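Below is the file start19.txt, which contains compact mmCIF, C-alpha atoms.
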# COMPACT_ATOMS: atom_id res chain seq x y z
CA MET A 233 10.79 188.00 25.50
CA ASN A 234 11.99 184.44 25.58
CA PRO A 235 10.35 182.59 22.64
CA ALA A 236 10.59 179.24 24.37
CA ALA A 237 8.55 180.43 27.35
CA ASN A 238 5.32 180.95 25.43
CA PRO A 239 5.37 178.94 22.23
CA GLY A 240 1.66 179.35 21.68
CA MET A 241 1.14 183.09 21.40
CA LEU A 242 4.29 184.85 20.30
CA PRO A 243 3.68 188.54 19.61
CA VAL A 244 4.60 189.46 16.06
CA ALA A 245 6.69 192.60 15.44
CA THR A 246 5.73 194.17 18.78
CA PRO A 247 8.15 197.14 18.55
CA PHE A 248 6.93 198.04 15.08
CA PHE A 249 3.26 198.12 16.07
CA PHE A 250 4.04 199.90 19.32
CA TYR A 251 5.87 202.72 17.58
CA LEU A 252 3.23 202.90 14.84
CA LEU A 253 0.34 203.18 17.33
CA ALA A 254 2.23 205.53 19.66
CA GLY A 255 3.14 207.80 16.76
CA MET A 256 -0.45 207.85 15.52
CA ALA A 257 -1.73 208.62 19.02
CA ILE A 258 0.67 211.52 19.52
CA ALA A 259 0.13 212.88 16.00
CA GLY A 260 -3.62 212.79 16.59
CA GLY A 261 -3.18 214.55 19.93
CA LEU A 262 -1.10 217.27 18.27
CA ALA A 263 -3.79 217.73 15.63
CA VAL A 264 -6.50 217.98 18.33
CA ILE A 265 -4.88 220.99 19.98
CA THR A 266 -3.73 222.75 16.81
CA ARG A 267 -6.62 222.52 14.32
CA ARG A 268 -8.71 225.62 13.70
CA ASN A 269 -11.91 223.74 12.82
CA ALA A 270 -13.41 221.86 15.76
CA VAL A 271 -14.69 219.05 13.51
CA HIS A 272 -11.12 218.35 12.37
CA SER A 273 -10.07 218.24 16.03
CA ALA A 274 -12.81 215.71 16.77
CA LEU A 275 -11.70 213.48 13.87
CA ALA A 276 -8.08 213.67 15.07
CA LEU A 277 -9.26 212.72 18.56
CA ILE A 278 -10.95 209.64 17.09
CA VAL A 279 -7.59 208.63 15.54
CA THR A 280 -5.94 209.02 18.95
CA LEU A 281 -8.65 207.00 20.70
CA LEU A 282 -8.41 204.13 18.21
CA SER A 283 -4.60 204.08 18.49
CA VAL A 284 -4.86 203.92 22.28
CA ALA A 285 -7.33 201.04 21.88
CA GLY A 286 -4.66 199.26 19.81
CA LEU A 287 -2.14 199.85 22.59
CA TYR A 288 -4.61 198.28 25.05
CA LEU A 289 -4.77 195.21 22.83
CA MET A 290 -0.96 194.98 22.94
CA LEU A 291 -1.18 195.14 26.76
CA TYR A 292 -3.49 192.07 26.92
CA ALA A 293 -6.56 194.15 27.74
CA PRO A 294 -9.07 193.30 24.98
CA PHE A 295 -12.13 194.20 27.08
CA VAL A 296 -10.82 197.68 27.84
CA ALA A 297 -9.96 198.09 24.16
CA GLY A 298 -13.51 197.16 23.17
CA VAL A 299 -15.02 199.50 25.75
CA GLN A 300 -12.69 202.24 24.54
CA ILE A 301 -13.89 201.85 20.95
CA ILE A 302 -17.60 201.50 21.81
CA VAL A 303 -17.90 204.15 24.53
CA TYR A 304 -15.30 206.69 23.41
CA ALA A 305 -15.14 206.48 19.64
CA GLY A 306 -18.77 205.47 19.32
CA GLY A 307 -20.56 207.36 22.07
CA ILE A 308 -18.64 210.31 23.44
CA MET A 309 -17.32 211.45 20.07
CA VAL A 310 -20.81 211.39 18.55
CA LEU A 311 -21.92 213.60 21.46
CA PHE A 312 -19.02 215.97 20.76
CA LEU A 313 -19.84 216.13 17.04
CA PHE A 314 -23.52 216.87 17.82
CA VAL A 315 -22.53 219.75 20.08
CA ILE A 316 -20.03 221.08 17.52
CA MET A 317 -22.83 221.13 14.96
CA LEU A 318 -25.19 222.88 17.43
CA VAL A 319 -22.80 225.71 18.29
CA ASN A 320 -21.64 227.57 15.22
CA VAL A 321 -18.37 226.33 13.81
CA GLU A 322 -17.79 229.00 11.15
CA ILE A 323 -17.60 231.99 13.46
CA SER A 324 -15.36 230.40 16.05
CA SER A 325 -12.97 229.07 13.41
CA LYS A 326 -12.39 232.60 12.12
CA GLU A 327 -11.58 233.98 15.57
CA ARG A 328 -8.31 233.98 17.49
CA GLN A 329 -7.70 230.39 18.56
CA PHE A 330 -5.33 230.77 21.52
CA ASN A 331 -5.91 232.92 24.57
CA ARG A 332 -3.58 235.75 25.54
CA MET A 333 -1.74 233.78 28.21
CA TRP A 334 -0.76 230.93 25.87
CA PRO A 335 3.05 231.26 26.28
CA LEU A 336 2.61 230.78 30.02
CA GLY A 337 0.41 227.73 29.52
CA LEU A 338 2.81 226.21 27.00
CA ALA A 339 5.78 226.80 29.32
CA GLY A 340 3.91 225.25 32.26
CA ALA A 341 2.94 222.15 30.29
CA CYS A 342 6.50 221.72 28.97
CA ALA A 343 7.84 222.03 32.52
CA LEU A 344 5.39 219.33 33.58
CA LEU A 345 6.58 217.07 30.74
CA ALA A 346 10.22 217.71 31.73
CA LEU A 347 9.35 216.76 35.32
CA PHE A 348 7.77 213.48 34.14
CA MET A 349 10.76 212.69 31.95
CA SER A 350 13.27 213.35 34.73
CA ALA A 351 11.23 211.14 37.07
CA PHE A 352 11.23 208.35 34.47
CA ALA A 353 14.98 208.75 33.90
CA LYS A 354 15.62 208.54 37.65
CA GLY A 355 13.27 205.60 38.18
CA LYS A 356 14.37 203.63 35.15
CA ASP A 357 15.98 200.95 37.36
CA LEU A 358 12.49 199.82 38.31
CA PHE A 359 11.96 198.70 34.73
CA LEU A 360 15.46 197.91 33.45
CA ASP A 361 18.14 196.06 35.38
CA PRO A 362 21.72 197.47 35.27
CA THR A 363 22.67 195.46 32.20
CA GLY A 364 19.91 197.14 30.22
CA LYS A 365 17.72 194.07 30.03
CA PRO A 366 14.05 194.74 30.75
CA ARG A 367 12.72 193.37 34.02
CA TRP A 368 9.42 193.31 32.19
CA PRO A 369 7.78 191.62 30.29
CA ASP A 370 8.40 188.71 32.57
CA PRO A 371 7.41 185.54 30.67
CA MET A 372 6.02 184.09 33.89
CA VAL A 373 3.57 186.96 34.42
CA LYS A 374 1.15 186.70 31.55
CA LEU A 375 -2.44 187.83 31.50
CA ALA A 376 -4.84 185.38 29.91
CA GLU A 377 -6.28 187.05 26.85
CA GLY A 378 -9.06 184.57 26.12
CA SER A 379 -10.73 184.78 29.53
CA ASN A 380 -10.06 188.49 30.09
CA THR A 381 -13.72 189.48 29.82
CA GLN A 382 -14.76 186.73 32.22
CA GLN A 383 -12.17 187.78 34.79
CA VAL A 384 -13.27 191.41 34.52
CA ALA A 385 -16.87 190.30 35.03
CA ASN A 386 -15.86 188.26 38.09
CA LEU A 387 -14.23 191.30 39.62
CA LEU A 388 -17.19 193.56 38.77
CA TYR A 389 -20.14 191.34 39.58
CA GLY A 390 -18.57 188.79 41.90
CA GLU A 391 -18.48 185.05 41.44
CA ALA A 392 -20.22 182.09 43.07
CA GLY A 393 -22.93 184.24 44.60
CA ARG A 394 -20.58 186.57 46.46
CA MET A 395 -20.01 190.25 45.76
CA GLY A 396 -16.81 191.04 43.90
CA PRO A 397 -14.37 193.70 45.11
CA TYR A 398 -15.80 196.25 42.68
CA THR A 399 -19.53 195.51 42.87
CA PHE A 400 -20.28 198.45 45.14
CA ALA A 401 -18.17 200.81 43.01
CA PHE A 402 -20.05 199.52 39.95
CA GLU A 403 -23.40 200.46 41.50
CA ILE A 404 -22.08 203.88 42.45
CA ALA A 405 -20.90 204.35 38.85
CA SER A 406 -24.40 203.63 37.57
CA LEU A 407 -25.75 206.23 40.02
CA LEU A 408 -23.16 208.71 38.70
CA LEU A 409 -24.33 208.08 35.13
CA LEU A 410 -27.95 208.60 36.16
CA VAL A 411 -27.07 211.95 37.77
CA ALA A 412 -25.10 212.96 34.66
CA ILE A 413 -28.05 212.12 32.38
CA LEU A 414 -30.44 214.13 34.56
CA GLY A 415 -28.01 217.05 34.71
CA ALA A 416 -27.47 217.11 30.97
CA VAL A 417 -31.20 216.98 30.24
CA ILE A 418 -32.08 219.67 32.80
CA MET A 419 -29.32 222.02 31.69
CA THR A 420 -30.17 221.80 28.02
CA LYS A 421 -33.93 222.31 28.55
CA LYS A 422 -35.14 225.77 27.62
CA LYS A 423 -37.72 226.03 30.41
CA ILE A 424 -37.72 223.77 33.43
CA MET B 57 19.86 198.42 21.70
CA VAL B 58 17.34 198.43 24.49
CA PHE B 59 14.98 201.06 23.19
CA MET B 60 14.22 199.26 19.94
CA SER B 61 14.27 195.60 20.88
CA ASP B 62 11.83 195.20 23.76
CA ILE B 63 8.82 197.30 24.61
CA THR B 64 8.76 197.77 28.37
CA THR B 65 6.42 199.56 30.74
CA ILE B 66 8.48 202.73 30.58
CA HIS B 67 7.80 203.06 26.84
CA TYR B 68 4.07 203.18 27.56
CA LEU B 69 4.68 205.64 30.38
CA VAL B 70 6.55 207.98 28.03
CA VAL B 71 3.74 207.84 25.45
CA ALA B 72 1.17 208.51 28.18
CA ALA B 73 3.22 211.44 29.51
CA ALA B 74 3.36 212.93 26.01
CA LEU B 75 -0.42 212.59 25.60
CA PHE B 76 -0.95 214.10 29.05
CA ALA B 77 1.26 217.08 28.22
CA LEU B 78 -0.59 217.63 24.92
CA GLY B 79 -3.88 217.62 26.82
CA VAL B 80 -2.57 220.11 29.37
CA ILE B 81 -1.37 222.39 26.57
CA GLY B 82 -4.81 222.20 24.97
CA VAL B 83 -6.61 223.01 28.24
CA LEU B 84 -4.33 225.93 29.06
CA THR B 85 -4.02 227.60 25.66
CA ARG B 86 -7.14 227.04 23.53
CA ARG B 87 -10.14 229.38 23.60
CA ASN B 88 -12.77 227.05 22.15
CA VAL B 89 -14.57 225.22 24.97
CA VAL B 90 -15.27 222.14 22.84
CA ILE B 91 -11.55 221.68 22.18
CA VAL B 92 -10.79 222.23 25.86
CA LEU B 93 -13.18 219.36 26.68
CA MET B 94 -11.51 217.20 24.02
CA SER B 95 -8.13 217.95 25.63
CA ILE B 96 -9.55 216.71 28.93
CA GLU B 97 -10.43 213.46 27.15
CA LEU B 98 -6.79 213.27 26.01
CA ILE B 99 -5.63 213.63 29.61
CA LEU B 100 -8.00 210.88 30.79
CA ASN B 101 -6.75 208.60 28.02
CA ALA B 102 -3.16 209.16 29.11
CA VAL B 103 -4.09 208.13 32.66
CA ASN B 104 -5.91 205.05 31.35
CA LEU B 105 -2.87 204.02 29.32
CA ASN B 106 -0.69 204.24 32.44
CA LEU B 107 -3.16 202.15 34.44
CA VAL B 108 -3.44 199.41 31.83
CA ALA B 109 0.35 199.32 31.36
CA PHE B 110 0.87 198.84 35.10
CA SER B 111 -1.88 196.22 35.13
CA ARG B 112 0.11 194.29 32.50
CA MET B 113 3.30 194.82 34.45
CA TRP B 114 1.98 193.38 37.72
CA GLY B 115 -0.08 190.70 36.05
CA ASN B 116 -3.45 191.47 37.62
CA LEU B 117 -6.63 193.11 36.41
CA HIS B 118 -7.22 195.86 38.97
CA GLY B 119 -5.64 198.49 36.74
CA GLN B 120 -7.97 197.54 33.91
CA LEU B 121 -10.98 197.83 36.21
CA PHE B 122 -9.84 201.29 37.26
CA ALA B 123 -9.50 202.23 33.58
CA ILE B 124 -13.09 201.10 32.93
CA PHE B 125 -14.35 203.25 35.81
CA ILE B 126 -12.42 206.21 34.41
CA ILE B 127 -14.11 205.67 31.03
CA VAL B 128 -17.51 205.75 32.79
CA ASP B 129 -16.46 208.97 34.51
CA ALA B 130 -15.34 210.47 31.19
CA ALA B 131 -18.75 209.73 29.66
CA ALA B 132 -20.54 211.42 32.58
CA GLU B 133 -18.17 214.39 32.40
CA ALA B 134 -18.66 214.81 28.65
CA ALA B 135 -22.46 214.72 28.97
CA ALA B 136 -22.57 217.23 31.83
CA GLY B 137 -19.90 219.51 30.32
CA LEU B 138 -21.51 219.64 26.90
CA GLY B 139 -24.91 220.29 28.56
CA ILE B 140 -23.43 223.28 30.38
CA LEU B 141 -21.85 224.42 27.12
CA ILE B 142 -25.18 224.37 25.26
CA ALA B 143 -26.95 226.22 28.08
CA PHE B 144 -24.19 228.81 28.06
CA PHE B 145 -24.20 229.20 24.28
CA ARG B 146 -27.94 229.83 24.41
CA ASN B 147 -27.37 232.74 26.81
CA LYS B 148 -24.21 234.43 25.55
CA GLU B 149 -23.77 233.28 21.92
CA THR B 150 -20.12 232.46 22.46
CA ILE B 151 -18.02 229.39 23.23
CA ASN B 152 -14.73 231.11 24.05
CA VAL B 153 -13.39 230.46 27.53
CA ASP B 154 -11.97 233.96 28.00
CA GLU B 155 -15.41 235.48 27.45
CA ILE B 156 -16.98 233.29 30.15
CA ASP B 157 -16.28 235.70 33.02
CA LEU B 158 -19.63 236.36 34.66
CA LEU B 159 -18.29 235.31 38.07
CA LYS B 160 -15.16 237.43 37.76
CA TRP B 161 -15.06 240.77 39.61
Represent the structure contained in this file as structure tokens.
Amino acid sequence: MNPAANPGMLPVATPFFFYLLAGMAIAGGLAVITRRNAVHSALALIVTLLSVAGLYLMLYAPFVAGVQIIVYAGGIMVLFLFVIMLVNVEISSKERQFNRMWPLGLAGACALLALFMSAFAKGKDLFLDPTGKPRWPDPMVKLAEGSNTQQVANLLYGEAGRMGPYTFAFEIASLLLLVAILGAVIMTKKKI
Amino acid sequence: MVFMSDITTIHYLVVAAALFALGVIGVLTRRNVVIVLMSIELILNAVNLNLVAFSRMWGNLHGQLFAIFIIVDAAAEAAAGLGILIAFFRNKETINVDEIDLLKW
């Protein structure tokens, strides 16, 4: 990134923090799928979620990072931990952890990863020009960090009395949450 | 060296692809339903990371909005899925996916 283009907010040691957060996210993901105890998996998932929130901050998305921490790490993970405590942990941690078809599943997932990587290797010219210089980040295209929440709100709720492009989707999302709450309550009731 | 000096969109895409693959491995190989649901959360996070990276790349906020809607969807999915899990555990006293075969003939 050209330092002269944005003298005000120069990112400090971006590669270092990127590799730190990416490594923590992937290490946490590995721990989620390998731990025997489900509580350990949940804690590893929290590490992954917080690292991804840090990556959102590096991408100039502070509102999404905050929502990630509050909703995921604060809400969904507490729900997961409650359910882990309700179903018995001790018995399931002594049983076989992987199903009988696991080599097939592992091979399929690795094939999928290889497909992604080959697609990225083929499409790398979209991101790097032939001299190896990144086409992005372009110093001209810069998201405003300070007014990010306000811009998100303008898109969600609309501005100046008009509906925004996502107002209808926002209402539908609230309906979806209502249905999910009703479904969860009805399914966990003993007698309806 | 290009891979160390500047962090570009493709770096984020590679991280997201790795998280996605880990989630798929978890869904396909684990027996514990709770960990399968957590792997689904990993997959949704990988998708969110891609969306926010492309939002940064194109310089508009629509990718971030999509990511917020996916987070809402993940919350609904976790609530409904864990509700089903508790109802099932009350009936069969197990949370292993390969023992959930009542609809199999």
So the first atom is CA of Val271 in chain A and the second is CA of Val321 in chain A; what is the distance between them in Å, to one decimal place? 8.2 Å
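By only C-alpha atoms, and with residues fewer than 2 positions from Tyr68 in chain B along its chain excluded, the set lying at most 9 Å from it is Phe250, Ala254 and Leu287 of chain A; Ile63, Thr64, Thr65, Ile66, Val70, Val71, Ala72, Ala73, Leu105, Asn106 and Ala109 of chain B.
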Find the residues near range 332-343 of chain A: any atom within 6 Å, counting all atoms listed in the file, skip ones fewer than 4 places away on the same chain, and give them as a PyMOL selection string. chain B and resi 77+80-81+84-85
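Atom pair CA of Gly119 in chain B / CA of Phe352 in chain A has a distance of 19.7 Å (rounded to one decimal).
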Long-range neighbours of Gly139 in chain B as a PyMOL selection string, 9 Å cut-off, only C-alpha atoms, 3 positions minimum in chain: (chain A and resi 315+415-420) or (chain B and resi 134-136+142-144)
Take the residues from that selection and put them in a file with C-alpha atoms, as a short mmCIF file (atom, residue, chain, number, x, y, z; two decimals), in the coordinates of the input.
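So the final result, stored in result11.cif, reads:
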data_model
loop_
_atom_site.label_atom_id
_atom_site.label_comp_id
_atom_site.auth_asym_id
_atom_site.auth_seq_id
_atom_site.Cartn_x
_atom_site.Cartn_y
_atom_site.Cartn_z
CA VAL A 315 -22.53 219.75 20.08
CA GLY A 415 -28.01 217.05 34.71
CA ALA A 416 -27.47 217.11 30.97
CA VAL A 417 -31.20 216.98 30.24
CA ILE A 418 -32.08 219.67 32.80
CA MET A 419 -29.32 222.02 31.69
CA THR A 420 -30.17 221.80 28.02
CA ALA B 134 -18.66 214.81 28.65
CA ALA B 135 -22.46 214.72 28.97
CA ALA B 136 -22.57 217.23 31.83
CA ILE B 142 -25.18 224.37 25.26
CA ALA B 143 -26.95 226.22 28.08
CA PHE B 144 -24.19 228.81 28.06
#
In Å to one decimal, how far is CA of Asn331 in chain A from CA of Leu158 in chain B? 17.4 Å
Return the padded bounding box of range 120-127 of chain B as lines of an AutoDock Vina configuration file: axis-aligned, built from all atoms listed in the file, 6 Å added on each side, with centre and edge lengths in Å to one decimal.
center_x = -11.2
center_y = 201.9
center_z = 34.1
size_x = 18.4
size_y = 20.7
size_z = 18.2
For the contact check between range 63-145 of chain B and range 393-408 of chain A, emit one row per residue of range 63-145 of chain B within 9 Å, containing the shortest atom pair and the distance in Å rounded to one decimal, counting all atoms listed in the file, chain then rising number order, as JSON lines.
{"residue": "B:Leu121", "atom": "CA", "partner": "A:Tyr398", "partner_atom": "CA", "distance": 8.2}
{"residue": "B:Phe125", "atom": "CA", "partner": "A:Ala405", "partner_atom": "CA", "distance": 7.3}
{"residue": "B:Val128", "atom": "CA", "partner": "A:Ala405", "partner_atom": "CA", "distance": 7.1}
{"residue": "B:Asp129", "atom": "CA", "partner": "A:Ala405", "partner_atom": "CA", "distance": 7.7}
{"residue": "B:Ala132", "atom": "CA", "partner": "A:Leu408", "partner_atom": "CA", "distance": 7.2}
Output for the residues just chosen: C-alpha atoms as a PDB file, keeping the file's coordinate frame:
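Listed below is the output, selection11.pdb:
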ATOM      1  CA  LEU B 121     -10.980 197.830  36.210  1.00  0.00           C
ATOM      2  CA  PHE B 125     -14.350 203.250  35.810  1.00  0.00           C
ATOM      3  CA  VAL B 128     -17.510 205.750  32.790  1.00  0.00           C
ATOM      4  CA  ASP B 129     -16.460 208.970  34.510  1.00  0.00           C
ATOM      5  CA  ALA B 132     -20.540 211.420  32.580  1.00  0.00           C
TER       6      ALA B 132
END
Non-local contacts of Asn101 in chain B (12 Å; only C-alpha atoms; under 6 positions in same chain excluded) as a PyMOL selection string: (chain A and resi 257-258+261+277-278+280-285+287-288+296-297+300+304) or (chain B and resi 71-79+94-95+107-108+123-124+126-127+129-130)
Would you kindly identify which residues have an atom no farther than 10 Å from (-18.4, 217.3, 9.9), using all atoms listed in the file and the file's own coordinates, and write them out as a PDB file with C-alpha atoms, in the coordinates of the input?
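Once everything was written out, this is part32.pdb:
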ATOM      1  CA  ASN A 269     -11.910 223.740  12.820  1.00  0.00           C
ATOM      2  CA  ALA A 270     -13.410 221.860  15.760  1.00  0.00           C
ATOM      3  CA  VAL A 271     -14.690 219.050  13.510  1.00  0.00           C
ATOM      4  CA  HIS A 272     -11.120 218.350  12.370  1.00  0.00           C
ATOM      5  CA  ALA A 274     -12.810 215.710  16.770  1.00  0.00           C
ATOM      6  CA  LEU A 275     -11.700 213.480  13.870  1.00  0.00           C
ATOM      7  CA  LEU A 313     -19.840 216.130  17.040  1.00  0.00           C
ATOM      8  CA  PHE A 314     -23.520 216.870  17.820  1.00  0.00           C
ATOM      9  CA  ILE A 316     -20.030 221.080  17.520  1.00  0.00           C
ATOM     10  CA  MET A 317     -22.830 221.130  14.960  1.00  0.00           C
ATOM     11  CA  VAL A 321     -18.370 226.330  13.810  1.00  0.00           C
TER      12      VAL A 321
END
For chain B, which residue out of A:Phe248, A:Tyr389, A:Phe295, A:Phe330 is the nearest one, using all atoms listed in the file?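 Of all the options, A:Phe330 lies closest to chain B.
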